[in-house]
Amino acid sequence: MDIKYKRVLITGAAGFIGFHLSRRLLNDGYHVAGIDNMNPYYEIKLKESRLETLNEFKDFYFSETDISDKNRMKDIFDKNQFDVVVNLAAQAGVRYSIENPNAYVDSNLVGFMNMLENCRYSKIKHLVFASSSSVYGANTKMPFSVHHNVDHPVSLYAATKKANELMAHTYSHLYDLPCTGLRFFTVYGPWGRPDMALFLFTKAIFEGKPIKVFNHGKMKRDFTYIDDIVEGVVRVMGKVPEPNLNWDGNDPDPGTSYKKYKIYNIGNNNPVELTHFIEVLESVIGKKAKKEYLDLQPGDVVATYADIDDLTKDVEFKPNTSIETGIKKFVSWYKDYYR
């Protein structure tokens with residue numbers, strides 16, 4: 001680790017990634033303050049169950065707070081001295097952003113602005129924030145690299161995540177705030193989000209209901225297992241970004257900066273076709289899925305594939321959990337949790 005940190009603030013701590021990251025850090029002996037607005041985007045019961053697990057740790061403190069609440073957020077920062085902040089709170093979901101765009105502005109733009117201001121005034125040593133593979137939008141050059149331009153988002157969700165990267169760079173430039181953005185690629189695993197494909201498919205197969213297969217199964221996703229995501233985040237947290245001394249305004253590199261700012265992809269570096277993903281799930285459950293084939297949905301992209309060279313080089317980590325192993329672990333958790 002480049003920096004020593006003991007007190008970590010994790011926003012979105014009752015969420016899928018936030019829960020796993022909090023648990024990992026608590027097991028490693030850190031003090032974790034978690035905040036989450038517990039919004040009903042998906043079943044609250046699942047979020048409450050995650051929190052029950054975290055509340056068993058003596059060094060976990062939780063506050064039900066919305067990051068878009070300016071006064072409340074200032075109060076939390078004023079009363080604590082955090083070393084590192086990991087901002088995972090966001091209104092997630094590409095498809096929901098078409099139905100309810102305002103939720104994305106409140107959480108992902110207003111909320112993120114509050115995080116930046118508080119990190120600035122609290123002299124936070126490192127802000128690590130969740131971006132998304134969705135920022136690659138209409139790009140088709142594979143694998144997706146942080147050094148490619150990402151100026152053509154195809155959903156408002158993606159646009160807000162790109163905006164977060166730009167806002168963070170501004171604060172790094174103006175106030176010397178070290179910022180690292182992480183573009184996550186299709187995260188899955190135990191305690192996952194019920195609006196994601198693996199959860200939806202598993203539930204439908206067990207209930208004997210049809211699954212919706214978009215783009216007739218001709219989609220590829222860089223499915224990344226949750227433990228790999230968390231390992232990547234933990235390593236990056238301790239790696240404060242250094243200015244790129246070769247950065248050139250005549251040929252600007254989007255993934256680095258002349259300031260303490262860096263972007264990483266965290267993906268499995270191995271895109272899997274949706275049809276194969278479903279076959280593995282059927283095999284693990286021991287039951288065939290009824291399939292309803294549909295066209296590509298608005299805001300969706302056909303393929304994602306992460307170039308993780310920078311992650312491997314800088315923090316010596318490469319996600320490597322196979323889809324077979326990951327799906328087996330998820331189904332085992334699902335059966336146990338839902339009896």
# chains A, B, ... in the order shown; residues from 1 in each chain; ligands from 1
$ residues_around --residues "Val331 of chain A" --least-positions-apart "6" --cutoff "8 Å" --atoms "only C-alpha atoms" --output "PyMOL selection string"
chain A and resi 190+202+284-285
$ residues_around --residues "Phe206 of chain A" --least-positions-apart "6" --cutoff "12 Å" --atoms "only C-alpha atoms" --output "list in words"
Phe199, Leu200, Leu281, Glu282, Val284, Ile285, Gly286, Lys287, Lys288, Ala289, Lys290, Val331, Tyr334, Lys335, Tyr338 and Arg339 of chain A
$ residues_around --residues "segment 179-189 of chain A" --least-positions-apart "6" --cutoff "6 Å" --atoms "only C-alpha atoms" --output "PyMOL selection string"
chain A and resi 126-133+222-226+261-267+330
$ residues_around --residues "segment 298-300 of chain A" --least-positions-apart "4" --cutoff "7 Å" --atoms "only C-alpha atoms" --output "VMD selection string"
chain A and resid 94 to 95 154 to 155
$ write_last_selection --atoms "all heavy atoms" --output "PDB file, in the first residue's frame"
ATOM      1  N   VAL A  94     -29.121   0.893 -16.314  1.00  0.00           N
ATOM      2  CA  VAL A  94     -29.231   1.586 -17.602  1.00  0.00           C
ATOM      3  C   VAL A  94     -30.701   1.776 -17.977  1.00  0.00           C
ATOM      4  O   VAL A  94     -31.128   2.863 -18.368  1.00  0.00           O
ATOM      5  CB  VAL A  94     -28.497   0.783 -18.700  1.00  0.00           C
ATOM      6  CG1 VAL A  94     -28.858   1.301 -20.083  1.00  0.00           C
ATOM      7  CG2 VAL A  94     -26.986   0.865 -18.481  1.00  0.00           C
ATOM      8  N   ARG A  95     -31.498   0.718 -17.838  1.00  0.00           N
ATOM      9  CA  ARG A  95     -32.885   0.767 -18.326  1.00  0.00           C
ATOM     10  C   ARG A  95     -33.752   1.704 -17.498  1.00  0.00           C
ATOM     11  O   ARG A  95     -34.595   2.414 -18.023  1.00  0.00           O
ATOM     12  CB  ARG A  95     -33.464  -0.655 -18.336  1.00  0.00           C
ATOM     13  CG  ARG A  95     -32.833  -1.499 -19.434  1.00  0.00           C
ATOM     14  CD  ARG A  95     -32.977  -2.993 -19.225  1.00  0.00           C
ATOM     15  NE  ARG A  95     -32.049  -3.717 -20.115  1.00  0.00           N
ATOM     16  CZ  ARG A  95     -31.736  -4.988 -19.989  1.00  0.00           C
ATOM     17  NH1 ARG A  95     -32.275  -5.695 -19.009  1.00  0.00           N
ATOM     18  NH2 ARG A  95     -30.905  -5.571 -20.820  1.00  0.00           N
ATOM     19  N   VAL A 154     -24.795   6.127 -24.467  1.00  0.00           N
ATOM     20  CA  VAL A 154     -26.094   5.778 -25.059  1.00  0.00           C
ATOM     21  C   VAL A 154     -27.190   5.627 -23.995  1.00  0.00           C
ATOM     22  O   VAL A 154     -28.279   5.141 -24.277  1.00  0.00           O
ATOM     23  CB  VAL A 154     -26.001   4.494 -25.938  1.00  0.00           C
ATOM     24  CG1 VAL A 154     -25.108   4.737 -27.138  1.00  0.00           C
ATOM     25  CG2 VAL A 154     -25.507   3.294 -25.141  1.00  0.00           C
ATOM     26  N   SER A 155     -26.893   6.061 -22.768  1.00  0.00           N
ATOM     27  CA  SER A 155     -27.922   6.121 -21.720  1.00  0.00           C
ATOM     28  C   SER A 155     -27.577   7.270 -20.794  1.00  0.00           C
ATOM     29  O   SER A 155     -26.411   7.677 -20.693  1.00  0.00           O
ATOM     30  CB  SER A 155     -27.967   4.814 -20.918  1.00  0.00           C
ATOM     31  OG  SER A 155     -26.799   4.665 -20.126  1.00  0.00           O
TER      32      SER A 155
END
$ select_by_dssp --residues "segment 59-307 of chain A" --states "alpha helix (DSSP H)" --output "ChimeraX atom specification"
/A:70-79,96-99,101-104,111-121,156-175,197-207,226-237,274-285
$ write_last_selection --atoms "C-alpha atoms" --output "mmCIF file, in the first residue's frame"
data_model
loop_
_atom_site.group_PDB
_atom_site.id
_atom_site.type_symbol
_atom_site.label_atom_id
_atom_site.label_comp_id
_atom_site.auth_asym_id
_atom_site.auth_seq_id
_atom_site.Cartn_x
_atom_site.Cartn_y
_atom_site.Cartn_z
ATOM 1 C CA LYS A 70 -25.900 18.590 1.418
ATOM 2 C CA ASN A 71 -26.290 19.456 5.133
ATOM 3 C CA ARG A 72 -26.356 15.860 6.323
ATOM 4 C CA MET A 73 -23.231 14.996 4.321
ATOM 5 C CA LYS A 74 -21.362 18.019 5.678
ATOM 6 C CA ASP A 75 -22.308 16.952 9.200
ATOM 7 C CA ILE A 76 -20.932 13.430 8.658
ATOM 8 C CA PHE A 77 -17.619 14.734 7.308
ATOM 9 C CA ASP A 78 -17.352 17.379 10.067
ATOM 10 C CA LYS A 79 -17.766 14.765 12.801
ATOM 11 C CA TYR A 96 -34.319 2.572 -15.300
ATOM 12 C CA SER A 97 -32.541 5.760 -16.404
ATOM 13 C CA ILE A 98 -34.909 5.897 -19.392
ATOM 14 C CA GLU A 99 -37.987 5.759 -17.122
ATOM 15 C CA PRO A 101 -33.979 10.313 -15.376
ATOM 16 C CA ASN A 102 -34.326 12.712 -12.440
ATOM 17 C CA ALA A 103 -33.246 10.053 -9.942
ATOM 18 C CA TYR A 104 -29.892 9.905 -11.760
ATOM 19 C CA GLY A 111 -24.773 13.649 -4.718
ATOM 20 C CA PHE A 112 -21.351 13.304 -6.315
ATOM 21 C CA MET A 113 -20.876 17.075 -6.168
ATOM 22 C CA ASN A 114 -21.482 16.933 -2.404
ATOM 23 C CA MET A 115 -18.875 14.165 -2.115
ATOM 24 C CA LEU A 116 -16.278 16.223 -3.976
ATOM 25 C CA GLU A 117 -16.881 19.344 -1.883
ATOM 26 C CA ASN A 118 -16.651 17.437 1.392
ATOM 27 C CA CYS A 119 -13.532 15.550 0.305
ATOM 28 C CA ARG A 120 -11.965 18.868 -0.680
ATOM 29 C CA TYR A 121 -12.633 20.592 2.649
ATOM 30 C CA LEU A 156 -28.322 8.880 -19.164
ATOM 31 C CA TYR A 157 -26.811 6.549 -16.553
ATOM 32 C CA ALA A 158 -23.633 6.351 -18.669
ATOM 33 C CA ALA A 159 -23.644 10.123 -19.168
ATOM 34 C CA THR A 160 -23.780 10.726 -15.396
ATOM 35 C CA LYS A 161 -20.859 8.349 -14.850
ATOM 36 C CA LYS A 162 -18.787 10.124 -17.506
ATOM 37 C CA ALA A 163 -19.752 13.408 -15.825
ATOM 38 C CA ASN A 164 -18.424 12.038 -12.499
ATOM 39 C CA GLU A 165 -15.052 11.398 -14.127
ATOM 40 C CA LEU A 166 -14.937 14.952 -15.487
ATOM 41 C CA MET A 167 -16.036 16.493 -12.176
ATOM 42 C CA ALA A 168 -13.392 14.502 -10.285
ATOM 43 C CA HIS A 169 -10.693 15.646 -12.689
ATOM 44 C CA THR A 170 -11.705 19.265 -12.136
ATOM 45 C CA TYR A 171 -11.322 18.863 -8.363
ATOM 46 C CA SER A 172 -7.990 17.141 -8.816
ATOM 47 C CA HIS A 173 -6.874 20.063 -10.995
ATOM 48 C CA LEU A 174 -8.228 22.880 -8.798
ATOM 49 C CA TYR A 175 -7.722 21.497 -5.292
ATOM 50 C CA ALA A 197 -29.480 -10.722 -15.461
ATOM 51 C CA LEU A 198 -28.056 -13.499 -13.268
ATOM 52 C CA PHE A 199 -30.521 -12.772 -10.448
ATOM 53 C CA LEU A 200 -33.499 -12.413 -12.821
ATOM 54 C CA PHE A 201 -32.619 -15.590 -14.724
ATOM 55 C CA THR A 202 -32.037 -17.674 -11.595
ATOM 56 C CA LYS A 203 -35.342 -16.580 -10.051
ATOM 57 C CA ALA A 204 -37.270 -17.273 -13.260
ATOM 58 C CA ILE A 205 -35.734 -20.733 -13.794
ATOM 59 C CA PHE A 206 -36.512 -21.819 -10.224
ATOM 60 C CA GLU A 207 -40.091 -20.531 -10.618
ATOM 61 C CA ILE A 226 -17.623 -9.668 -6.967
ATOM 62 C CA ASP A 227 -14.516 -10.891 -5.086
ATOM 63 C CA ASP A 228 -12.348 -9.799 -8.025
ATOM 64 C CA ILE A 229 -13.995 -6.366 -8.027
ATOM 65 C CA VAL A 230 -13.383 -5.957 -4.283
ATOM 66 C CA GLU A 231 -9.746 -7.069 -4.535
ATOM 67 C CA GLY A 232 -9.213 -4.498 -7.277
ATOM 68 C CA VAL A 233 -10.860 -1.721 -5.253
ATOM 69 C CA VAL A 234 -8.839 -2.498 -2.107
ATOM 70 C CA ARG A 235 -5.566 -2.423 -4.018
ATOM 71 C CA VAL A 236 -6.444 0.819 -5.792
ATOM 72 C CA MET A 237 -7.481 2.487 -2.495
ATOM 73 C CA LEU A 274 -25.176 -14.420 -23.178
ATOM 74 C CA THR A 275 -26.243 -17.793 -24.591
ATOM 75 C CA HIS A 276 -23.216 -19.485 -22.979
ATOM 76 C CA PHE A 277 -23.871 -17.646 -19.705
ATOM 77 C CA ILE A 278 -27.410 -19.079 -19.702
ATOM 78 C CA GLU A 279 -26.137 -22.593 -20.541
ATOM 79 C CA VAL A 280 -23.765 -22.513 -17.546
ATOM 80 C CA LEU A 281 -26.593 -21.332 -15.287
ATOM 81 C CA GLU A 282 -28.919 -24.093 -16.548
ATOM 82 C CA SER A 283 -26.189 -26.653 -15.896
ATOM 83 C CA VAL A 284 -25.590 -25.407 -12.326
ATOM 84 C CA ILE A 285 -29.319 -25.327 -11.477
#
$ residues_around --residues "Leu51 of chain A" --least-positions-apart "3" --cutoff "8 Å" --atoms "only C-alpha atoms" --output "NGL selection string"
:A and (14 or 19 or 47-48 or 54-55)
$ residues_around --residues "Tyr258 of chain A" --least-positions-apart "5" --cutoff "12 Å" --atoms "only C-alpha atoms" --output "list in words"
His169, Thr170, Ser172, His173, Leu174, Asp176, Pro178, Pro241, Glu242, Pro243, Asn244, Leu245, Asn246, Trp247, Asp248, Gly249, Pro252 and Asp253 of chain A
$ residues_around --residues "segment 142-150 of chain A" --least-positions-apart "4" --cutoff "6 Å" --atoms "only C-alpha atoms" --output "PyMOL selection string"
chain A and resi 136+253-255+305-307
$ write_last_selection --atoms "N, CA and C atoms" --output "mmCIF file, in the first residue's frame"
data_model
loop_
_atom_site.group_PDB
_atom_site.id
_atom_site.type_symbol
_atom_site.label_atom_id
_atom_site.label_comp_id
_atom_site.auth_asym_id
_atom_site.auth_seq_id
_atom_site.Cartn_x
_atom_site.Cartn_y
_atom_site.Cartn_z
ATOM 1 N N TYR A 136 -18.452 3.587 -22.155
ATOM 2 C CA TYR A 136 -17.911 3.325 -23.495
ATOM 3 C C TYR A 136 -18.976 3.476 -24.574
ATOM 4 N N ASP A 253 -4.342 12.222 -23.025
ATOM 5 C CA ASP A 253 -4.669 10.848 -22.662
ATOM 6 C C ASP A 253 -5.860 10.883 -21.692
ATOM 7 N N PRO A 254 -7.017 10.330 -22.072
ATOM 8 C CA PRO A 254 -8.205 10.407 -21.224
ATOM 9 C C PRO A 254 -8.091 9.630 -19.905
ATOM 10 N N GLY A 255 -7.197 8.640 -19.850
ATOM 11 C CA GLY A 255 -7.135 7.776 -18.665
ATOM 12 C C GLY A 255 -6.206 8.247 -17.568
ATOM 13 N N TYR A 305 -15.903 -5.416 -23.131
ATOM 14 C CA TYR A 305 -14.649 -6.177 -23.035
ATOM 15 C C TYR A 305 -13.583 -5.234 -22.481
ATOM 16 N N ALA A 306 -13.079 -5.539 -21.286
ATOM 17 C CA ALA A 306 -12.167 -4.618 -20.590
ATOM 18 C C ALA A 306 -10.702 -4.876 -20.893
ATOM 19 N N ASP A 307 -10.005 -3.811 -21.242
ATOM 20 C CA ASP A 307 -8.544 -3.822 -21.274
ATOM 21 C C ASP A 307 -8.092 -3.472 -19.852
#
$ select_by_dssp --residues "segment 41-188 of chain A" --states "strand (DSSP E)" --output "PyMOL selection string"
chain A and resi 60-64+84-87+126-132+179-184+187-188
$ atom_distance --atom1 "atom CA of Pro210 of chain A" --atom2 "atom CA of Leu294 of chain A"
11.9 Å
$ atom_distance --atom1 "atom CA of Tyr5 of chain A" --atom2 "atom CA of Ile17 of chain A"
19.8 Å
$ atom_distance --atom1 "atom CA of His20 of chain A" --atom2 "atom CA of Asn87 of chain A"
13.8 Å
$ closest_residue --among "A:Gln297, A:Thr304, A:Asn250, A:Ser107" --to "Ser134 of chain A" --atoms "only C-alpha atoms"
A:Thr304
